[in-house]
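Source file: run07.cif. Holds: mmCIF, C-alpha atoms.
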data_run
loop_
_atom_site.label_atom_id
_atom_site.label_comp_id
_atom_site.auth_asym_id
_atom_site.auth_seq_id
_atom_site.Cartn_x
_atom_site.Cartn_y
_atom_site.Cartn_z
CA MET A 1 -16.73 -6.80 0.59
CA ILE A 2 -16.49 -3.44 -1.12
CA GLY A 3 -14.06 -2.35 -3.83
CA GLY A 4 -12.09 0.88 -3.81
CA PHE A 5 -8.83 2.46 -2.74
CA MET A 6 -9.18 5.63 -0.67
CA GLY A 7 -12.62 6.14 -2.20
CA VAL A 8 -11.41 5.76 -5.80
CA GLY A 9 -13.26 3.01 -7.69
CA THR A 10 -15.74 2.55 -4.89
CA PRO A 11 -19.50 2.02 -5.43
CA ARG A 12 -20.73 5.26 -3.88
CA ARG A 13 -24.41 4.86 -4.67
CA ILE A 14 -24.59 1.36 -3.16
CA ILE A 15 -22.76 2.57 -0.04
CA GLU A 16 -25.24 5.41 0.36
CA ALA A 17 -28.15 2.98 -0.02
CA LEU A 18 -26.57 0.69 2.57
CA VAL A 19 -26.19 3.58 5.01
CA ALA A 20 -29.81 4.65 4.36
CA SER A 21 -31.04 1.08 4.96
CA GLY A 22 -29.86 1.36 8.56
CA ARG A 23 -28.09 -2.02 8.49
CA ARG A 24 -25.81 -2.61 11.49
CA ASP A 25 -23.28 -5.17 12.67
CA LEU A 26 -21.87 -5.75 9.18
CA THR A 27 -18.57 -7.48 8.58
CA LEU A 28 -16.73 -5.41 5.98
CA ILE A 29 -13.76 -6.51 3.88
CA ALA A 30 -12.08 -3.69 1.96
CA ASN A 31 -8.65 -2.23 1.32
CA ASP A 32 -9.26 0.81 3.53
CA THR A 33 -12.02 2.93 5.04
CA ALA A 34 -11.25 6.06 2.98
CA MET A 35 -11.99 9.23 4.93
CA PRO A 36 -15.00 10.36 6.98
CA GLY A 37 -17.75 11.41 4.58
CA ARG A 38 -16.16 9.67 1.61
CA GLY A 39 -17.03 6.23 0.19
CA ILE A 40 -16.65 3.47 2.78
CA GLY A 41 -15.99 6.17 5.39
CA LYS A 42 -19.74 6.84 5.37
CA LEU A 43 -20.47 3.30 6.57
CA ILE A 44 -17.99 3.73 9.42
CA THR A 45 -19.41 7.09 10.48
CA ALA A 46 -22.93 5.53 10.43
CA HIS A 47 -21.71 2.77 12.83
CA ALA A 48 -22.91 0.17 10.33
CA VAL A 49 -19.81 -2.00 10.69
CA ARG A 50 -18.98 -4.29 13.61
CA ARG A 51 -15.99 -6.12 12.14
CA LEU A 52 -13.50 -4.79 9.64
CA VAL A 53 -10.84 -6.59 7.58
CA VAL A 54 -8.58 -4.01 5.90
CA SER A 55 -4.95 -3.10 5.18
CA HIS A 56 -5.04 0.59 6.09
CA ILE A 57 -7.13 2.92 8.26
CA GLY A 58 -4.59 5.72 8.72
CA LEU A 59 -6.58 8.41 6.92
CA ASN A 60 -9.85 7.80 8.76
CA PRO A 61 -9.72 9.03 12.38
CA GLU A 62 -13.30 7.82 12.95
CA THR A 63 -12.26 4.21 12.25
CA GLN A 64 -9.38 4.56 14.72
CA LYS A 65 -11.71 6.06 17.32
CA GLN A 66 -14.24 3.20 17.03
CA MET A 67 -11.41 0.68 17.16
CA LYS A 68 -10.10 2.23 20.37
CA ASP A 69 -13.49 2.44 22.09
CA GLY A 70 -14.14 -1.21 21.23
CA SER A 71 -17.23 -0.72 19.03
CA LEU A 72 -15.32 -1.88 15.92
CA ASP A 73 -13.14 -5.00 15.64
CA VAL A 74 -10.34 -4.35 13.16
CA GLU A 75 -8.19 -7.01 11.57
CA LEU A 76 -5.25 -5.50 9.69
CA MET A 77 -3.73 -7.47 6.83
CA PRO A 78 -0.91 -6.61 4.42
CA GLN A 79 -2.51 -5.29 1.26
CA GLY A 80 -0.91 -7.90 -0.98
CA THR A 81 -1.99 -10.71 1.33
CA LEU A 82 -5.52 -9.32 1.59
CA VAL A 83 -6.04 -9.10 -2.16
CA GLU A 84 -4.46 -12.50 -2.74
CA CYS A 85 -6.66 -14.15 -0.07
CA ILE A 86 -9.71 -12.68 -1.82
CA ARG A 87 -8.34 -13.91 -5.14
CA ALA A 88 -7.85 -17.39 -3.64
CA GLY A 89 -11.42 -17.28 -2.34
CA GLY A 90 -12.70 -16.56 -5.82
CA MET A 91 -10.40 -18.94 -7.65
CA GLY A 92 -11.20 -22.01 -5.58
CA LEU A 93 -7.79 -22.23 -3.93
CA GLY A 94 -7.26 -23.51 -0.39
CA GLY A 95 -4.95 -20.76 0.80
CA VAL A 96 -2.21 -18.28 0.09
CA VAL A 97 1.40 -19.16 0.84
CA THR A 98 3.31 -15.88 1.19
CA PRO A 99 6.60 -14.63 2.62
CA THR A 100 4.93 -11.35 3.69
CA GLY A 101 4.49 -11.14 7.47
CA LEU A 102 7.06 -13.81 8.36
CA GLY A 103 8.93 -12.95 11.53
CA THR A 104 6.42 -10.22 12.43
CA GLU A 105 3.50 -10.27 14.83
CA LEU A 106 1.27 -11.39 11.94
CA GLU A 107 2.83 -14.81 12.30
CA ASP A 108 1.03 -15.39 15.63
CA GLY A 109 -1.41 -18.27 15.39
CA LYS A 110 -0.62 -19.02 11.74
CA ARG A 111 1.07 -21.99 10.16
CA VAL A 112 4.57 -21.54 8.77
CA LEU A 113 5.28 -23.82 5.82
CA GLU A 114 8.69 -24.73 4.52
CA ILE A 115 8.75 -25.25 0.78
CA ASP A 116 12.03 -26.06 -1.00
CA GLY A 117 13.98 -24.65 1.95
CA LYS A 118 12.09 -21.35 2.08
CA GLN A 119 9.61 -20.34 4.74
CA PHE A 120 6.13 -18.98 4.05
CA LEU A 121 3.03 -18.03 6.02
CA LEU A 122 -0.20 -19.84 5.27
CA GLU A 123 -3.12 -17.42 4.93
CA LYS A 124 -6.68 -18.57 4.39
CA PRO A 125 -8.94 -17.66 1.47
CA ILE A 126 -11.53 -14.91 1.95
CA ARG A 127 -15.06 -14.89 0.57
CA ALA A 128 -18.14 -12.80 1.32
CA ASP A 129 -21.92 -13.00 1.02
CA PHE A 130 -21.92 -9.83 -1.08
CA ALA A 131 -19.38 -7.97 -3.21
CA PHE A 132 -20.18 -4.36 -4.07
CA ILE A 133 -17.92 -3.19 -6.86
CA ALA A 134 -17.45 -0.15 -9.10
CA ALA A 135 -16.68 -0.11 -12.82
CA ARG A 136 -16.36 2.44 -15.61
CA GLN A 137 -19.02 0.83 -17.74
CA SER A 138 -21.10 -2.28 -18.09
CA ASP A 139 -23.22 -3.64 -20.88
CA TYR A 140 -26.76 -4.85 -20.20
CA LEU A 141 -25.46 -8.35 -19.58
CA GLY A 142 -23.03 -7.17 -16.88
CA ASN A 143 -19.70 -7.36 -18.72
CA LEU A 144 -17.47 -4.86 -16.92
CA GLU A 145 -14.72 -2.52 -18.05
CA TYR A 146 -12.65 -0.60 -15.50
CA SER A 147 -10.77 2.66 -15.44
CA LEU A 148 -7.15 3.38 -14.43
CA THR A 149 -6.58 3.17 -10.66
CA ALA A 150 -10.31 2.68 -10.10
CA GLN A 151 -9.74 -1.03 -10.87
CA ASN A 152 -7.90 -1.93 -7.65
CA PHE A 153 -9.79 -4.66 -5.74
CA ASN A 154 -12.93 -4.63 -7.93
CA PRO A 155 -12.18 -7.37 -10.50
CA ILE A 156 -10.79 -9.59 -7.73
CA MET A 157 -13.79 -9.17 -5.43
CA ALA A 158 -16.15 -9.85 -8.37
CA MET A 159 -15.09 -13.49 -8.15
CA ALA A 160 -15.23 -13.98 -4.38
CA ALA A 161 -18.82 -13.40 -3.27
CA ASP A 162 -22.14 -15.23 -3.49
CA THR A 163 -23.92 -12.14 -4.81
CA VAL A 164 -22.11 -9.49 -6.86
CA ILE A 165 -23.64 -6.06 -7.37
CA ALA A 166 -21.78 -3.74 -9.73
CA GLU A 167 -22.11 0.01 -9.98
CA PRO A 168 -20.89 1.19 -13.39
CA GLU A 169 -20.82 4.85 -14.36
CA HIS A 170 -22.70 3.94 -17.53
CA ILE A 171 -24.72 0.97 -18.73
CA VAL A 172 -24.34 0.54 -22.48
CA PRO A 173 -25.90 -1.78 -25.08
CA VAL A 174 -24.46 -5.26 -25.54
CA GLY A 175 -21.68 -5.12 -28.11
CA VAL A 176 -20.38 -1.68 -27.14
CA ILE A 177 -17.67 -3.17 -24.91
CA PRO A 178 -15.47 -5.34 -27.13
CA PRO A 179 -14.59 -8.80 -25.73
CA ASP A 180 -10.92 -7.86 -25.31
CA ALA A 181 -11.87 -4.95 -23.04
CA VAL A 182 -14.06 -7.02 -20.69
CA ARG A 183 -12.18 -7.56 -17.42
CA THR A 184 -15.05 -9.08 -15.44
CA PRO A 185 -17.28 -11.35 -17.53
CA ALA A 186 -21.03 -10.90 -17.08
CA ILE A 187 -21.57 -14.38 -15.62
CA LEU A 188 -19.96 -13.10 -12.39
CA VAL A 189 -22.28 -10.11 -11.98
CA ASP A 190 -25.75 -10.61 -10.49
CA HIS A 191 -27.11 -7.05 -10.42
CA LEU A 192 -26.28 -3.66 -11.94
CA ILE A 193 -26.97 -0.24 -10.49
CA GLU A 194 -25.90 2.71 -12.62
CA ARG A 195 -24.07 5.42 -10.71
CA ALA A 196 -26.24 8.49 -10.13
CA ARG A 197 -25.15 11.47 -12.23
CA MET B 1 15.83 23.09 1.11
CA THR B 2 14.18 21.38 4.10
CA PRO B 3 15.78 18.35 5.84
CA LYS B 4 13.16 16.12 4.22
CA GLU B 5 13.98 17.48 0.78
CA ARG B 6 17.68 16.88 1.41
CA ILE B 7 16.92 13.26 2.29
CA ALA B 8 14.78 12.90 -0.85
CA ARG B 9 17.52 14.41 -3.03
CA ARG B 10 20.08 11.95 -1.65
CA VAL B 11 17.78 8.97 -2.16
CA ALA B 12 17.19 10.05 -5.76
CA GLN B 13 20.91 9.45 -6.45
CA GLU B 14 20.30 5.74 -5.77
CA ILE B 15 17.76 5.41 -8.58
CA GLN B 16 19.22 3.78 -11.66
CA PRO B 17 18.04 4.70 -15.16
CA GLY B 18 15.38 2.46 -16.67
CA THR B 19 14.25 0.88 -13.41
CA LEU B 20 10.82 0.32 -11.84
CA VAL B 21 10.52 2.11 -8.50
CA ASN B 22 7.83 2.26 -5.81
CA LEU B 23 7.80 5.28 -3.52
CA GLY B 24 5.96 5.12 -0.22
CA ILE B 25 3.61 7.90 0.87
CA GLY B 26 4.95 10.90 2.81
CA LEU B 27 8.68 11.70 2.66
CA PRO B 28 9.54 9.01 0.05
CA SER B 29 7.07 10.52 -2.43
CA LEU B 30 9.27 13.66 -2.53
CA VAL B 31 12.02 11.61 -4.22
CA ALA B 32 10.30 11.63 -7.63
CA SER B 33 10.85 15.36 -8.10
CA PHE B 34 14.64 14.84 -7.90
CA VAL B 35 14.75 12.17 -10.61
CA PRO B 36 15.27 13.67 -14.09
CA ALA B 37 12.68 12.66 -16.69
CA GLU B 38 15.44 11.54 -19.08
CA ALA B 39 16.43 8.78 -16.62
CA GLY B 40 13.54 6.74 -18.02
CA VAL B 41 12.47 5.60 -14.55
CA PHE B 42 8.95 4.20 -14.17
CA PHE B 43 7.23 4.74 -10.85
CA GLN B 44 4.74 2.18 -9.63
CA SER B 45 1.93 3.08 -7.31
CA GLU B 46 0.47 0.07 -5.53
CA ASN B 47 -3.12 1.17 -6.06
CA GLY B 48 -2.63 0.19 -9.68
CA VAL B 49 -0.42 2.17 -12.02
CA ILE B 50 3.02 1.73 -13.54
CA GLY B 51 4.22 5.04 -14.93
CA LEU B 52 3.01 7.52 -12.36
CA GLY B 53 3.43 11.13 -13.52
CA ALA B 54 3.37 14.53 -11.85
CA ARG B 55 0.35 16.20 -10.32
CA PRO B 56 -2.09 17.39 -13.00
CA PRO B 57 -2.72 21.11 -13.48
CA GLU B 58 -5.79 22.36 -11.65
CA GLY B 59 -8.96 21.44 -13.47
CA MET B 60 -7.28 18.52 -15.29
CA GLU B 61 -7.64 15.95 -12.47
CA ASP B 62 -9.06 12.53 -13.36
CA PRO B 63 -11.03 11.15 -10.38
CA ASP B 64 -9.99 7.64 -11.46
CA LEU B 65 -6.25 8.36 -11.44
CA THR B 66 -4.67 8.77 -8.01
CA ASP B 67 -1.56 7.68 -6.13
CA ALA B 68 -1.42 5.44 -3.05
CA GLY B 69 -2.08 8.43 -0.83
CA GLY B 70 -5.26 9.25 -2.74
CA GLY B 71 -3.82 12.38 -4.38
CA PHE B 72 -4.48 13.17 -8.04
CA VAL B 73 -1.70 12.20 -10.43
CA THR B 74 -1.09 11.76 -14.14
CA ALA B 75 0.16 8.77 -16.12
CA VAL B 76 3.24 9.12 -18.35
CA PRO B 77 3.28 7.87 -21.96
CA GLY B 78 3.83 4.12 -21.79
CA ALA B 79 2.01 3.75 -18.47
CA ALA B 80 -0.06 0.70 -17.56
CA ALA B 81 -3.12 0.40 -15.32
CA ILE B 82 -3.34 -2.81 -13.29
CA ASP B 83 -5.51 -4.33 -10.59
CA SER B 84 -4.39 -4.84 -6.99
CA ALA B 85 -3.55 -8.54 -7.41
CA MET B 86 -1.21 -7.75 -10.32
CA SER B 87 0.18 -4.78 -8.45
CA PHE B 88 1.15 -6.89 -5.45
CA GLY B 89 2.26 -9.75 -7.64
CA LEU B 90 4.80 -7.32 -9.09
CA ILE B 91 5.83 -6.28 -5.57
CA ARG B 92 5.97 -9.71 -3.93
CA GLY B 93 7.33 -11.40 -7.02
CA GLY B 94 10.53 -9.35 -7.14
CA HIS B 95 9.63 -7.28 -10.20
CA ILE B 96 10.11 -3.94 -8.44
CA ASP B 97 13.76 -2.87 -8.62
CA LEU B 98 13.62 -0.48 -5.69
CA THR B 99 11.22 0.71 -3.04
CA VAL B 100 11.68 3.74 -0.82
CA LEU B 101 9.78 3.52 2.46
CA GLY B 102 9.31 5.83 5.41
CA GLY B 103 10.30 4.58 8.85
CA LEU B 104 9.41 4.89 12.52
CA GLN B 105 12.48 2.93 13.61
CA VAL B 106 15.42 1.19 11.94
CA ASP B 107 17.62 -0.92 14.19
CA GLU B 108 21.28 -1.86 14.12
CA THR B 109 20.52 -5.16 12.35
CA GLY B 110 18.75 -3.24 9.57
CA HIS B 111 15.21 -4.19 10.54
CA LEU B 112 12.41 -1.73 9.90
CA ALA B 113 9.32 -0.84 11.94
CA ASN B 114 6.96 1.53 10.18
CA TRP B 115 3.31 0.52 10.52
CA MET B 116 2.10 1.06 14.06
CA ILE B 117 2.74 2.46 17.52
CA PRO B 118 0.74 0.17 19.82
CA GLY B 119 -1.94 2.04 21.77
CA LYS B 120 -1.15 5.28 20.00
CA MET B 121 -1.12 5.25 16.24
CA ILE B 122 -2.41 2.29 14.26
CA PRO B 123 -2.67 3.29 10.60
CA GLY B 124 -2.16 -0.27 9.34
CA MET B 125 0.57 -1.63 7.12
CA GLY B 126 -1.10 -1.00 3.76
CA GLY B 127 1.45 -2.20 1.21
CA ALA B 128 4.55 -1.70 3.38
CA MET B 129 5.00 -5.33 4.50
CA ASP B 130 4.79 -6.65 0.95
CA LEU B 131 7.17 -3.96 -0.32
CA ALA B 132 9.72 -4.49 2.46
CA THR B 133 9.61 -8.24 1.82
CA GLY B 134 9.42 -8.44 -1.97
CA ALA B 135 11.14 -5.46 -3.60
CA ARG B 136 14.64 -6.22 -4.89
CA ARG B 137 16.16 -3.30 -2.98
CA VAL B 138 14.69 -1.51 0.04
CA ILE B 139 15.74 2.01 1.03
CA VAL B 140 14.35 3.69 4.13
CA ALA B 141 14.16 7.49 4.07
CA MET B 142 13.46 9.11 7.44
CA GLN B 143 14.50 11.84 9.82
CA HIS B 144 17.27 10.74 12.16
CA VAL B 145 15.88 12.25 15.35
CA VAL B 146 12.29 13.25 16.16
CA ASN B 147 11.45 15.19 19.34
CA GLY B 148 14.92 14.49 20.67
CA VAL B 149 14.54 10.71 20.25
CA SER B 150 16.76 8.74 17.88
CA LYS B 151 14.87 6.69 15.31
CA VAL B 152 18.01 4.65 14.58
CA VAL B 153 17.77 2.24 17.50
CA ARG B 154 19.57 -0.81 18.93
CA LYS B 155 16.52 -3.00 18.53
CA CYS B 156 13.08 -2.05 17.21
CA ASP B 157 10.57 -2.05 20.06
CA LEU B 158 7.76 -1.26 17.63
CA PRO B 159 6.24 -4.12 15.59
CA LEU B 160 8.48 -5.09 12.65
CA THR B 161 7.43 -4.57 9.05
CA SER B 162 9.43 -7.51 7.71
CA ASN B 163 12.01 -10.02 8.89
CA ARG B 164 14.10 -9.07 5.88
CA PRO B 165 16.65 -6.31 6.62
CA ILE B 166 16.60 -3.17 4.52
CA ASP B 167 19.50 -2.37 2.17
CA LEU B 168 20.13 1.34 2.76
CA LEU B 169 19.09 3.95 5.32
CA VAL B 170 19.13 7.63 4.36
CA THR B 171 18.49 10.23 7.05
CA ASP B 172 19.12 13.96 7.31
CA MET B 173 22.35 13.15 9.21
CA ALA B 174 23.83 10.12 7.49
CA VAL B 175 23.70 7.28 4.99
CA PHE B 176 24.07 3.73 6.32
CA GLU B 177 24.45 0.58 4.30
CA VAL B 178 23.17 -2.65 5.84
CA ALA B 179 25.66 -5.49 5.39
CA GLU B 180 25.38 -8.85 7.15
CA SER B 181 22.95 -7.44 9.72
CA ARG B 182 25.20 -4.51 10.64
CA LEU B 183 24.95 -0.79 9.93
CA ILE B 184 27.91 0.63 8.04
CA LEU B 185 28.18 4.43 8.02
CA LYS B 186 29.00 5.47 4.45
CA GLU B 187 28.21 9.20 4.41
CA ILE B 188 27.80 11.93 7.02
CA ALA B 189 25.96 15.24 6.63
CA PRO B 190 28.06 18.37 5.98
CA GLY B 191 29.19 20.08 9.19
CA LEU B 192 28.40 17.09 11.39
CA SER B 193 31.18 15.35 13.37
CA LEU B 194 31.28 11.62 14.06
CA GLU B 195 30.74 12.45 17.74
CA ASP B 196 27.61 14.50 16.93
CA LEU B 197 26.26 11.60 14.89
CA SER B 198 27.07 9.00 17.54
CA SER B 199 25.27 10.96 20.24
CA ALA B 200 22.20 11.27 17.98
CA THR B 201 22.19 7.54 17.21
CA ASP B 202 21.15 4.80 19.64
CA ALA B 203 22.25 2.02 17.31
CA ARG B 204 25.84 0.84 17.20
CA PHE B 205 27.40 1.17 13.77
CA GLU B 206 30.69 0.70 11.97
CA THR B 207 32.31 3.44 9.95
CA ALA B 208 33.37 2.73 6.39
CA GLY B 209 37.01 3.36 5.53
CA ASP B 210 35.93 5.53 2.63
CA LEU B 211 33.52 7.72 4.63
CA VAL B 212 32.47 10.79 2.63
CA THR B 213 30.31 13.86 3.12
CA MET B 214 26.68 13.56 2.00
CA ALA B 215 25.97 15.37 -1.24
#

Could I get this file's structure written as structure tokens?
Amino acid sequence: MIGGFMGVGTPRRIIEALVASGRRDLTLIANDTAMPGRGIGKLITAHAVRRLVVSHIGLNPETQKQMKDGSLDVELMPQGTLVECIRAGGMGLGGVVTPTGLGTELEDGKRVLEIDGKQFLLEKPIRADFAFIAARQSDYLGNLEYSLTAQNFNPIMAMAADTVIAEPEHIVPVGVIPPDAVRTPAILVDHLIERAR
Amino acid sequence: MTPKERIARRVAQEIQPGTLVNLGIGLPSLVASFVPAEAGVFFQSENGVIGLGARPPEGMEDPDLTDAGGGFVTAVPGAAAIDSAMSFGLIRGGHIDLTVLGGLQVDETGHLANWMIPGKMIPGMGGAMDLATGARRVIVAMQHVVNGVSKVVRKCDLPLTSNRPIDLLVTDMAVFEVAESRLILKEIAPGLSLEDLSSATDARFETAGDLVTMA
């Protein structure tokens, strides 16, 4: 899974390394595929992805093209459900029980639960082998601080993968980021790669 | 003023002072420019900000501060930056007073379809399903007729966005309230007769006794 929203708060350097590695047939979980030539869009253009779980692909015609010609399987999820399923995956919960999607085609094949007279859809937790996330800065231990709308899915994904690689803009000495400002504690982060200037 | 701007101006009249409002991308995003700053309205953008401000002057863009369409924005004094789980918790949890969404179709029971045209255009739902389901009030802002085809239909044949009906529909021709799964015509555009409107509308609707001209 890769953090970012339309390329904002996305780990650009890691994505470029992934494209350069020539990896194919990846399953990618992300909010969107940005635009061709930008962030996650580069992975799509490189045909590195076989299966995609996202909420929005409207601004990337290349994603739509690959979906239509059958080279890319796309599962669309409501953004709030997607992020909450990832959160559930990281928080050790067995599922997400949400009203979003009830009575729409998203209901197909899913369980509908009735709780206190209200209906909800049961959605399953999402985890990944790797989470690639972006942050404003990290200390040498891996404590992360985020920036404005570049937070988006990053702190949530940091909890929901076996290996977490963070790409901060700066890596600073331990103690520079005060405890109150740490959003993702270092114990969740396995590797750091500073963003290229 | 273009038809879209007229729709946006009318929607802006629905925004109460001191509320938290989410505007969808496209036409709904035009609404903000018709809301006076002194109204104390906070705009939420689902990518993670409460207190969205105007576009920054050229050269003052912050690459980490954008709206849900990816365009550069500013944050007003008192703004808050949040992650996507918090953002959608606010949406799903009923903390957003009003959302304004674009539409592909609205039907006569007040149901909205706005996220895909099978086989043709599949942008994905993004945040629309959560907004249509969880916001306290849902207004759809759209053009009434596109390429000669009415978007106000008897029954949506495009995939629904939510099973919850919207509350208000504002088009360039009319304003409809949704009450008990029926469309009630409340306002009609200047210079348009009821017959003109009926022939441009596939959906059946009732006309309010206090029908007025759209301002």

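Interatomic distance, atom CA of B:Ile166 to atom CA of A:Val74: 28.3 Å.
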
| Nearest to chain A, chosen from B:Arg136, B:Lys186, B:Arg92, B:Arg10, with all atoms listed in the file counted in the distances | B:Arg92

| task | Excluding A:His56 and residues on its chain fewer than 6 positions from it, collect all residues at most 6 Å away from it, counting all atoms listed in the file, and give them as an MDAnalysis selection string. | result | (chainID A and resid 32) or (chainID B and resid 123:124 126)

Write out, as CSV, each residue of chain B that has an atom at most 6 Å from chain A, together with the closest pair of atoms and their distance in Å to one decimal, counting all atoms listed in the file, rows going by chain and rising number.
residue,atom,partner,partner_atom,distance
B:Asn47,CA,A:Asn152,CA,5.9
B:Gly48,CA,A:Thr149,CA,5.0
B:Asp64,CA,A:Ala150,CA,5.2
B:Leu65,CA,A:Thr149,CA,5.3
B:Gly70,CA,A:Met6,CA,5.7
B:Ala81,CA,A:Leu148,CA,5.1
B:Asp83,CA,A:Asn152,CA,4.5
B:Ser84,CA,A:Asn152,CA,4.6
B:Ala85,CA,A:Val83,CA,5.8
B:Phe88,CA,A:Gly80,CA,5.0
B:Pro123,CA,A:Gly58,CA,3.6
B:Gly124,CA,A:His56,CA,4.4
B:Met125,CA,A:Pro78,CA,5.9
B:Gly126,CA,A:Ser55,CA,4.6
B:Gly127,CA,A:Gln79,CA,5.0
B:Asp130,CA,A:Thr100,CA,5.4
B:Thr133,CA,A:Thr100,CA,5.9
B:Leu160,CA,A:Thr104,CA,5.5
B:Asn163,CA,A:Gly103,CA,5.0

Take the residues from that selection and write them out as a PDB file, in the frame of the given file, keeping C-alpha atoms.
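The resulting file, again_21.pdb, is shown below:
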ATOM      1  CA  ASN B  47      -3.120   1.170  -6.060  1.00  0.00           C
ATOM      2  CA  GLY B  48      -2.630   0.190  -9.680  1.00  0.00           C
ATOM      3  CA  ASP B  64      -9.990   7.640 -11.460  1.00  0.00           C
ATOM      4  CA  LEU B  65      -6.250   8.360 -11.440  1.00  0.00           C
ATOM      5  CA  GLY B  70      -5.260   9.250  -2.740  1.00  0.00           C
ATOM      6  CA  ALA B  81      -3.120   0.400 -15.320  1.00  0.00           C
ATOM      7  CA  ASP B  83      -5.510  -4.330 -10.590  1.00  0.00           C
ATOM      8  CA  SER B  84      -4.390  -4.840  -6.990  1.00  0.00           C
ATOM      9  CA  ALA B  85      -3.550  -8.540  -7.410  1.00  0.00           C
ATOM     10  CA  PHE B  88       1.150  -6.890  -5.450  1.00  0.00           C
ATOM     11  CA  PRO B 123      -2.670   3.290  10.600  1.00  0.00           C
ATOM     12  CA  GLY B 124      -2.160  -0.270   9.340  1.00  0.00           C
ATOM     13  CA  MET B 125       0.570  -1.630   7.120  1.00  0.00           C
ATOM     14  CA  GLY B 126      -1.100  -1.000   3.760  1.00  0.00           C
ATOM     15  CA  GLY B 127       1.450  -2.200   1.210  1.00  0.00           C
ATOM     16  CA  ASP B 130       4.790  -6.650   0.950  1.00  0.00           C
ATOM     17  CA  THR B 133       9.610  -8.240   1.820  1.00  0.00           C
ATOM     18  CA  LEU B 160       8.480  -5.090  12.650  1.00  0.00           C
ATOM     19  CA  ASN B 163      12.010 -10.020   8.890  1.00  0.00           C
TER      20      ASN B 163
END

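The smallest atom-to-atom distance between A:Glu194 and any of A:Pro179, A:Pro168, A:Pro173, A:Gly70, using all atoms listed in the file, is found for A:Pro168.
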
| query | On this structure, which residues satisfy the PyMOL selection byres ((chain B and resi 19) around 7), written as a ChimeraX atom specification? | reply | /B:16-18,20-21,41-42,97

| the PyMOL selection byres ((chain A and resi 49) around 8) on the file shown: which residues, as a PyMOL selection string? | chain A and resi 24-28+43-44+47-48+50-52+72

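Every protein or nucleic acid residue with an atom no more than 6 Å from stretch 107-117 of chain B, counting all atoms listed in the file and leaving out same-chain residues fewer than 5 positions away, appears here: B:Ile122, B:Gly124, B:Met125, B:Val152, B:Val153, B:Arg154, B:Lys155, B:Cys156, B:Leu158, B:Pro159, B:Leu160, B:Thr161, B:Pro165, B:Ile166, B:Val178, B:Ser181, B:Arg182, B:Leu183, B:Ala203.
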
| Which value, in Å to one decimal, gives the distance between atom CA of A:Val176 and atom CA of A:Leu192? | 16.4 Å

Do you know which residues are at most 9 Å from A:Gly90 counting only C-alpha atoms, after dropping those on the same chain fewer than 5 positions away, and could you put them as a tab-separated table (two decimals) with C-alpha atoms, in the coordinates of the input?
chain	number	residue	atom	x	y	z
A	85	CYS	CA	-6.66	-14.15	-0.07
A	125	PRO	CA	-8.94	-17.66	1.47
A	126	ILE	CA	-11.53	-14.91	1.95
A	127	ARG	CA	-15.06	-14.89	0.57
A	156	ILE	CA	-10.79	-9.59	-7.73
A	157	MET	CA	-13.79	-9.17	-5.43
A	158	ALA	CA	-16.15	-9.85	-8.37
A	159	MET	CA	-15.09	-13.49	-8.15
A	160	ALA	CA	-15.23	-13.98	-4.38
A	161	ALA	CA	-18.82	-13.40	-3.27

| query | Quick one: which residues end up in the PyMOL selection byres ((chain A and resi 12) around 9) for this structure, as a list in words? | reply | Gly7, Gly9, Thr10, Pro11, Arg13, Ile14, Ile15, Glu16, Ala17, Arg38, Gly39, Ile40, Ala134, Glu167, Arg195 and Ala196 of chain A

| query | What is the atom CA of A:Leu93 to atom CA of A:Thr184 distance in Å? | reply | 18.9 Å

| Between B:Pro63, B:Gly93, B:Gly102, B:Pro77, which one has atoms that come closest to B:Val11, using only C-alpha atoms? | B:Gly102

| message | Measuring between all atoms listed in the file, which one of A:Asn143, A:Thr163, A:Ser21, A:Ser138 shows the shortest distance to A:Ile193? | response | A:Ser138

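With distances restricted to all atoms listed in the file, B:Ser33 is the closest residue to B:Gly53 from B:Thr207, B:Gln143, B:Ser33, B:Gln13.
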
| Shell of 7 Å around A:Phe132, all atoms listed in the file, local chain residues under 4 positions omitted, as an MDAnalysis selection string | chainID A and resid 1:3 11 164:166

Residues near B:Glu14, anyone? I mean within 12 Å using all atoms listed in the file, not counting same-chain ones fewer than 5 positions away, as a tab-separated table (two decimals) with C-alpha atoms, in the coordinates of the input.
chain	number	residue	atom	x	y	z
B	7	ILE	CA	16.92	13.26	2.29
B	8	ALA	CA	14.78	12.90	-0.85
B	9	ARG	CA	17.52	14.41	-3.03
B	19	THR	CA	14.25	0.88	-13.41
B	21	VAL	CA	10.52	2.11	-8.50
B	31	VAL	CA	12.02	11.61	-4.22
B	32	ALA	CA	10.30	11.63	-7.63
B	34	PHE	CA	14.64	14.84	-7.90
B	35	VAL	CA	14.75	12.17	-10.61
B	39	ALA	CA	16.43	8.78	-16.62
B	41	VAL	CA	12.47	5.60	-14.55
B	97	ASP	CA	13.76	-2.87	-8.62
B	98	LEU	CA	13.62	-0.48	-5.69
B	99	THR	CA	11.22	0.71	-3.04
B	100	VAL	CA	11.68	3.74	-0.82
B	137	ARG	CA	16.16	-3.30	-2.98
B	138	VAL	CA	14.69	-1.51	0.04
B	139	ILE	CA	15.74	2.01	1.03
B	140	VAL	CA	14.35	3.69	4.13
B	141	ALA	CA	14.16	7.49	4.07
B	167	ASP	CA	19.50	-2.37	2.17
B	168	LEU	CA	20.13	1.34	2.76
B	169	LEU	CA	19.09	3.95	5.32
B	170	VAL	CA	19.13	7.63	4.36
B	175	VAL	CA	23.70	7.28	4.99
